[in-house]
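S.K.: The structure that follows is given in the form of structure tokens.
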Amino acid sequence: MKDCPCGSNFPFTDCCAPLIRGTGFPDTAEDLMRSRYTAFTQKNWEYLVITSHPEEKKEMAKLEEDLIRDGVVWKRLEIMDTRAGGQDDSEGQVDFVAHYTREGVEQTLRESSQFYKINGRWVYSRKDSTLPPVPSSPRKKPKTFVRDEAKIGRNDLCPCGSGKKYKKCCG
């Protein structure tokens, strides 16, 4: 049997398949996160829309068109942290890193995803999830070091006054 793309080390048929087919429902926010990642790997946009927050379903459907044209191949998912999102919680957060390639270039997506339980079912909220800030300008160059005195080379006379080369004296 083939392992599930979500990285759980369980067979797909026992892991995300029942959730994506609608024969089961995620028990936790992390379960939903993993099943949504698997849906991305399969380009199953219907599941992604169904598991989106009710107020964001139209936005998710529009995003579908961009993702179809994007040429992204999802490689693996790493769950970094979860906060709340258990069976008895009404909301939760899952921090993850998704590894993928776009046009042959390896890339990563880091996100802190927000999930809510509505009518007993977990849903993903895009508007409440956060991506790390992307630098808007190039990194600043480190400040150039300026010496107060001339640099002493290995073969220069030692500044201590011994008359020896610096490398044989204080260097």
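Following the order of the structure tokens, chains are lettered A, B, ..., residues in each are numbered from 1, and ligands are numbered from 1.
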Give the strand (DSSP E or B) residues of range 4-169 of chain A, as assigned by DSSP on the backbone, as a PyMOL selection string.
M.R.: chain A and resi 11+52+72-84+91-102+105-118+121-130+157+165
S.K.: Per residue of range 45-113 of chain A within 12 Å of range 4-10 of chain A, record the nearest atom pair and its distance in Å to one decimal, counting only C-alpha atoms, with rows in chain order and ascending residue number, as a tab-separated table.
M.R.:
```
residue	atom	partner	partner_atom	distance
A:Val73	CA	A:Pro5	CA	11.8
A:Trp74	CA	A:Pro5	CA	8.9
A:Lys75	CA	A:Pro5	CA	8.1
A:Arg76	CA	A:Gly7	CA	6.8
A:Leu77	CA	A:Cys6	CA	5.9
A:Glu78	CA	A:Gly7	CA	7.5
A:Ile79	CA	A:Gly7	CA	9.1
A:Phe96	CA	A:Cys6	CA	11.3
A:Val97	CA	A:Cys6	CA	11.5
A:Ala98	CA	A:Cys6	CA	9.8
A:His99	CA	A:Cys6	CA	11.3
```
S.K.: Write down as a ChimeraX atom specification the residues of chain A whose backbone DSSP state falls under helix (DSSP H, G or I).
M.R.: /A:12-14,17-21,29-41,45-50,54-70,166-168
S.K.: Do you have the CA of Ile50 in chain A-CA of Val123 in chain A distance handy?
M.R.: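 We find that CA of Ile50 in chain A and CA of Val123 in chain A lie 8.3 Å from each other.
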S.K.: Name the closest residue to Ser35 in chain A among the candidates A:Leu109, A:Tyr124, A:Glu56, A:Gly85; distances are taken between atoms, counting only C-alpha atoms.
M.R.: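 Once distances to Ser35 in chain A are computed over only C-alpha atoms, the minimum belongs to A:Tyr124.
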S.K.: Report, in Å to a single decimal, how far apart CA of Asp95 in chain A and CA of Thr82 in chain A are.
M.R.: 6.2 Å
S.K.: At a cut-off of 12 Å, using only C-alpha atoms, what residues contact Cys160 in chain A? Leave out same-chain residues fewer than 4 positions from it and give the result as number ranges by chain.
M.R.: A: 152, 156, 164-166, 168-171
S.K.: Skip Thr28 in chain A itself and residues of its chain fewer than 3 positions away, then list as a ChimeraX atom specification all residues within 12 Å of it, counting only C-alpha atoms.
M.R.: /A:19,25,31-35,82-94,115-117,120-124
S.K.: Which is closer to Val49 in chain A than all the others in A:Arg36, A:Lys2, A:Arg154, A:Arg21, using only C-alpha atoms?
M.R.: A:Arg36
S.K.: Expressed in Å to a single decimal, how great is the separation between CA of Ala39 in chain A and CA of Ser125 in chain A?
M.R.: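 The value is 16.1 Å.
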